[in-house]
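Student: Can you keep this structure in mind? I'll have questions shortly.
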Amino acid sequence: MALDRQTLQIDKLLQTVVNQKASDLHITSGQPPVLRMGGHMVRLETKSLEAEDCVALMKSITPERNQQELQERGGTDFGFAFGEQARFRVAVFKQRGHIGIVLRRIPNEFLSFEQLGLPPVIKDLIVRPRGLLLVTGPTGSGKTTSLASMINYLNDTVDHHVITMEDPIEYYHKHKKCTINQREIGVDVPTFPEALRRALRMDPDVILVGEMRDLETIQSAITAAETGHLVFGTLHTSSAEGTVNRIIDVFPTNQQEQIRTQLSTAIIGVLSQALLPKIPKSVVAAYEMLVVTPAIANLIRENKSYRIPSSIQTGKKYGMQLLDDSLFNLWKNGLVAEKDVVAKSNLPGELRTRIQRAKQGLFDDENEEDEDDEDGDH
């Protein structure tokens, strides 16, 4: 009978998460359940959880094979649906020998590009017949949401075959104009490299690679993009320049020149994002957008990625923007606190100076092309 009560209890907690539009639910012994709301951790006004409460809650939602992995490895991840209301990505782990659980809410509805504030040029890039488009940023910066929105846009507008490989699957896509096959790593196919290898024999137009962690996956994704597929991939890098460097650095030195050449022809864009607390509540994203022009392809090929930021700055007419410009505008428009934009900045010292100047009424006029080059020198 205890299990039913726990099922009841987890349902009540998940309902609270949905009602409050919280992003995460944290369950650990020694305190009440905690919600993350707009970036802040808020304790629920209920009793403190004991170790056995946590075990019972875990068992009420965790599949058998994940319970086994938890025993063997001390942690496990999976996704599950809470009726029609939401999906959750769940991480179960051990801490001090007890069970801890974090559930991340994945909303059921897809957000439009406008709602997410995505750079408009994304619409042009994702209808290209081939190429590698990377969405990057730290964990929890909304990469999955942006990618789901892009796949959903394609699903509404073109008749493609889309294959996704995800760990775990978060957003579920219905077949609309597209045929969409979603493969979960560890359930439908053992590994990312294996999934990619198979995907190329499945007549895909679009391939989404959930995480490009290792050499084999990165190599396969670049090759797939070269051979006439649109490939979406994610990395945990915080800038376009950092993304290019990370990909090249994965390879042994004697292969790096060849990979630079391959990457320069395959890559079409990099979207780097950061998620910030919005005033007064909720969250908002800042974006860096690199659109790969022939000039930028040359920089990648010639190992001059350090020049990418200044090329983004002068590439506004192609739809490009630097993360720090996006952060500055969020602050200027009163959406985000100064300390929060500085914390996410790639060049915090320079952004802080720029904000101080703006407070004194000294705005760097961003529309003047000739002044753009000075921007980095303040």
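Going by the structure tokens order, chains are called A, B, ..., each with residues numbered from 1, while ligands are numbered from 1 in the order shown.
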Would you mind listing what lies within 10 Å of Asp203 in chain A as a count of residues only, with only C-alpha atoms counted and same-chain residues fewer than 3 positions away left out?
Tutor: 8
Student: Can you write out as JSON lines which residues of range 111-154 of chain A fall within 12 Å of range 311-333 of chain A, alongside each residue's closest atom pair and its distance in Å to one decimal, counting only C-alpha atoms and ordering rows by chain and ascending residue number?
Tutor:
{"residue": "A:Gly117", "atom": "CA", "partner": "A:Ser326", "partner_atom": "CA", "distance": 10.6}
{"residue": "A:Leu118", "atom": "CA", "partner": "A:Ser326", "partner_atom": "CA", "distance": 11.0}
{"residue": "A:Pro119", "atom": "CA", "partner": "A:Gly319", "partner_atom": "CA", "distance": 7.2}
{"residue": "A:Pro120", "atom": "CA", "partner": "A:Gly319", "partner_atom": "CA", "distance": 7.2}
{"residue": "A:Val121", "atom": "CA", "partner": "A:Gly319", "partner_atom": "CA", "distance": 5.5}
{"residue": "A:Ile122", "atom": "CA", "partner": "A:Gly319", "partner_atom": "CA", "distance": 8.8}
{"residue": "A:Lys123", "atom": "CA", "partner": "A:Gly319", "partner_atom": "CA", "distance": 10.9}
{"residue": "A:Asp124", "atom": "CA", "partner": "A:Gly319", "partner_atom": "CA", "distance": 10.1}
{"residue": "A:Leu125", "atom": "CA", "partner": "A:Gly319", "partner_atom": "CA", "distance": 10.7}
{"residue": "A:Thr136", "atom": "CA", "partner": "A:Leu323", "partner_atom": "CA", "distance": 11.8}
{"residue": "A:Gly137", "atom": "CA", "partner": "A:Leu323", "partner_atom": "CA", "distance": 10.9}
Student: Save the residues we just selected, N, CA and C atoms, as an mmCIF file, in the first residue's frame?
Tutor:
data_model
loop_
_atom_site.group_PDB
_atom_site.id
_atom_site.type_symbol
_atom_site.label_atom_id
_atom_site.label_comp_id
_atom_site.auth_asym_id
_atom_site.auth_seq_id
_atom_site.Cartn_x
_atom_site.Cartn_y
_atom_site.Cartn_z
ATOM 1 N N GLY A 117 13.204 34.386 -28.665
ATOM 2 C CA GLY A 117 14.119 35.477 -29.001
ATOM 3 C C GLY A 117 15.287 35.016 -29.855
ATOM 4 N N LEU A 118 15.115 33.909 -30.594
ATOM 5 C CA LEU A 118 16.216 33.392 -31.419
ATOM 6 C C LEU A 118 16.579 34.381 -32.530
ATOM 7 N N PRO A 119 17.867 34.464 -32.888
ATOM 8 C CA PRO A 119 18.264 35.341 -34.001
ATOM 9 C C PRO A 119 17.493 34.942 -35.269
ATOM 10 N N PRO A 120 16.903 35.920 -35.967
ATOM 11 C CA PRO A 120 16.053 35.621 -37.132
ATOM 12 C C PRO A 120 16.755 34.812 -38.225
ATOM 13 N N VAL A 121 18.077 34.945 -38.339
ATOM 14 C CA VAL A 121 18.816 34.260 -39.410
ATOM 15 C C VAL A 121 18.734 32.733 -39.276
ATOM 16 N N ILE A 122 18.377 32.241 -38.085
ATOM 17 C CA ILE A 122 18.212 30.794 -37.864
ATOM 18 C C ILE A 122 17.247 30.200 -38.895
ATOM 19 N N LYS A 123 16.167 30.950 -39.204
ATOM 20 C CA LYS A 123 15.167 30.450 -40.168
ATOM 21 C C LYS A 123 15.799 30.165 -41.525
ATOM 22 N N ASP A 124 16.760 30.996 -41.933
ATOM 23 C CA ASP A 124 17.425 30.780 -43.233
ATOM 24 C C ASP A 124 18.357 29.570 -43.157
ATOM 25 N N LEU A 125 19.059 29.440 -42.021
ATOM 26 C CA LEU A 125 20.067 28.372 -41.903
ATOM 27 C C LEU A 125 19.431 26.980 -41.882
ATOM 28 N N THR A 136 25.195 25.682 -28.839
ATOM 29 C CA THR A 136 26.119 25.446 -27.725
ATOM 30 C C THR A 136 25.749 26.290 -26.511
ATOM 31 N N GLY A 137 26.326 25.900 -25.379
ATOM 32 C CA GLY A 137 26.067 26.606 -24.128
ATOM 33 C C GLY A 137 26.186 25.632 -22.980
#
Student: Return as a count of residues only the full set of residues in range 282-354 of chain A whose backbone-based DSSP assignment is helix (DSSP H, G or I).
Tutor: 44
Student: Can you work out which one of A:Ile99, A:Met289, A:Gly83, A:Thr157 has the shortest atom-to-atom distance to Leu70 in chain A, counting only C-alpha atoms?
Tutor: A:Ile99
Student: So that I can check the secondary structure, give me every residue of range 7-80 of chain A assigned strand (DSSP E or B) by backbone DSSP, as a count of residues only.
Tutor: 18
Student: Range 8-24 of chain A: which residues within 8 Å, counting only C-alpha atoms, same-chain residues fewer than 4 positions away excluded, as a list in words?
Tutor: Asp4, Leu35, Arg36, Met37, Gly38, Leu57, Ser60, Phe82, Gln85, Ala86, Val102, Leu103, Arg104, Arg105 and Ile106 of chain A
Student: May I ask which of the residues A:Ala195, A:Ile222, A:Met58, A:Leu362 is the closest one to Thr261 in chain A, counting only C-alpha atoms?
Tutor: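 The closest residue to Thr261 in chain A is A:Ile222.
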Student: Excluding Leu215 in chain A and any residue of its chain fewer than 4 positions from it, enumerate the residues within 9 Å of it, using only C-alpha atoms, and give them as an NGL selection string.
Tutor: :A and (219-220 or 247 or 250-251)
Student: Enter the distance from CA of Glu72 in chain A to CA of Asp214 in chain A, in Å, rounded to one decimal.
Tutor: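 We find that CA of Glu72 in chain A and CA of Asp214 in chain A lie 23.9 Å from each other.
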Student: Set the distance at 9 Å and use only C-alpha atoms: which residues neighbour Ala297 in chain A once local chain neighbours fewer than 4 positions away are removed? I'd like the list as number ranges by chain.
Tutor: A: 261, 263-265, 267-268, 292-293, 301-302
Student: Restricting the calculation to only C-alpha atoms: of A:Arg357, A:Arg73, A:Arg128, A:His236, which residue gets closest to Lys94 in chain A?
Tutor: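 Counting only C-alpha atoms, the residue closest to Lys94 in chain A is A:Arg73.
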Student: Hey, what's within 12 Å of Ile180 in chain A if we count only C-alpha atoms and toss same-chain stuff fewer than 6 positions away? As a ChimeraX atom specification, please?
Tutor: /A:148,151-152,154-156,158-165,171-174,202-208
Student: Choose the residue, out of A:Gln95, A:Gln262, A:Asn181, A:Gln360, that has the smallest atom-to-atom separation from Ile27 in chain A; count only C-alpha atoms.
Tutor: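 For Ile27 in chain A, the nearest of the given residues is A:Gln95.
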Student: For Pro138 in chain A, which residue among A:Ile185, A:Ser238, A:Lys359, A:Arg198 is the nearest when counting only C-alpha atoms?
Tutor: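 Nearest candidate to Pro138 in chain A out of A:Ile185, A:Ser238, A:Lys359, A:Arg198: A:Ser238.
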Student: Go ahead and compute the interatomic distance for CA of Phe80 in chain A and CA of Leu235 in chain A, in Å to one decimal.
Tutor: 24.0 Å
Student: Considering only C-alpha atoms, return as a PDB file with N, CA and C atoms, in the first residue's frame whatever protein or nucleic-acid residues lie within 10 Å of Glu45 in chain A, sequence-local ones (same chain, fewer than 4 positions apart) excluded.
Tutor:
ATOM      1  N   PRO A  32      12.554  19.577   2.924  1.00  0.00           N
ATOM      2  CA  PRO A  32      11.373  19.393   2.078  1.00  0.00           C
ATOM      3  C   PRO A  32      11.773  19.396   0.602  1.00  0.00           C
ATOM      4  N   PRO A  33      10.873  18.963  -0.303  1.00  0.00           N
ATOM      5  CA  PRO A  33      11.165  19.102  -1.729  1.00  0.00           C
ATOM      6  C   PRO A  33      11.395  20.583  -2.081  1.00  0.00           C
ATOM      7  N   VAL A  34      12.270  20.824  -3.066  1.00  0.00           N
ATOM      8  CA  VAL A  34      12.636  22.194  -3.433  1.00  0.00           C
ATOM      9  C   VAL A  34      12.343  22.411  -4.921  1.00  0.00           C
TER      10      VAL A  34
END
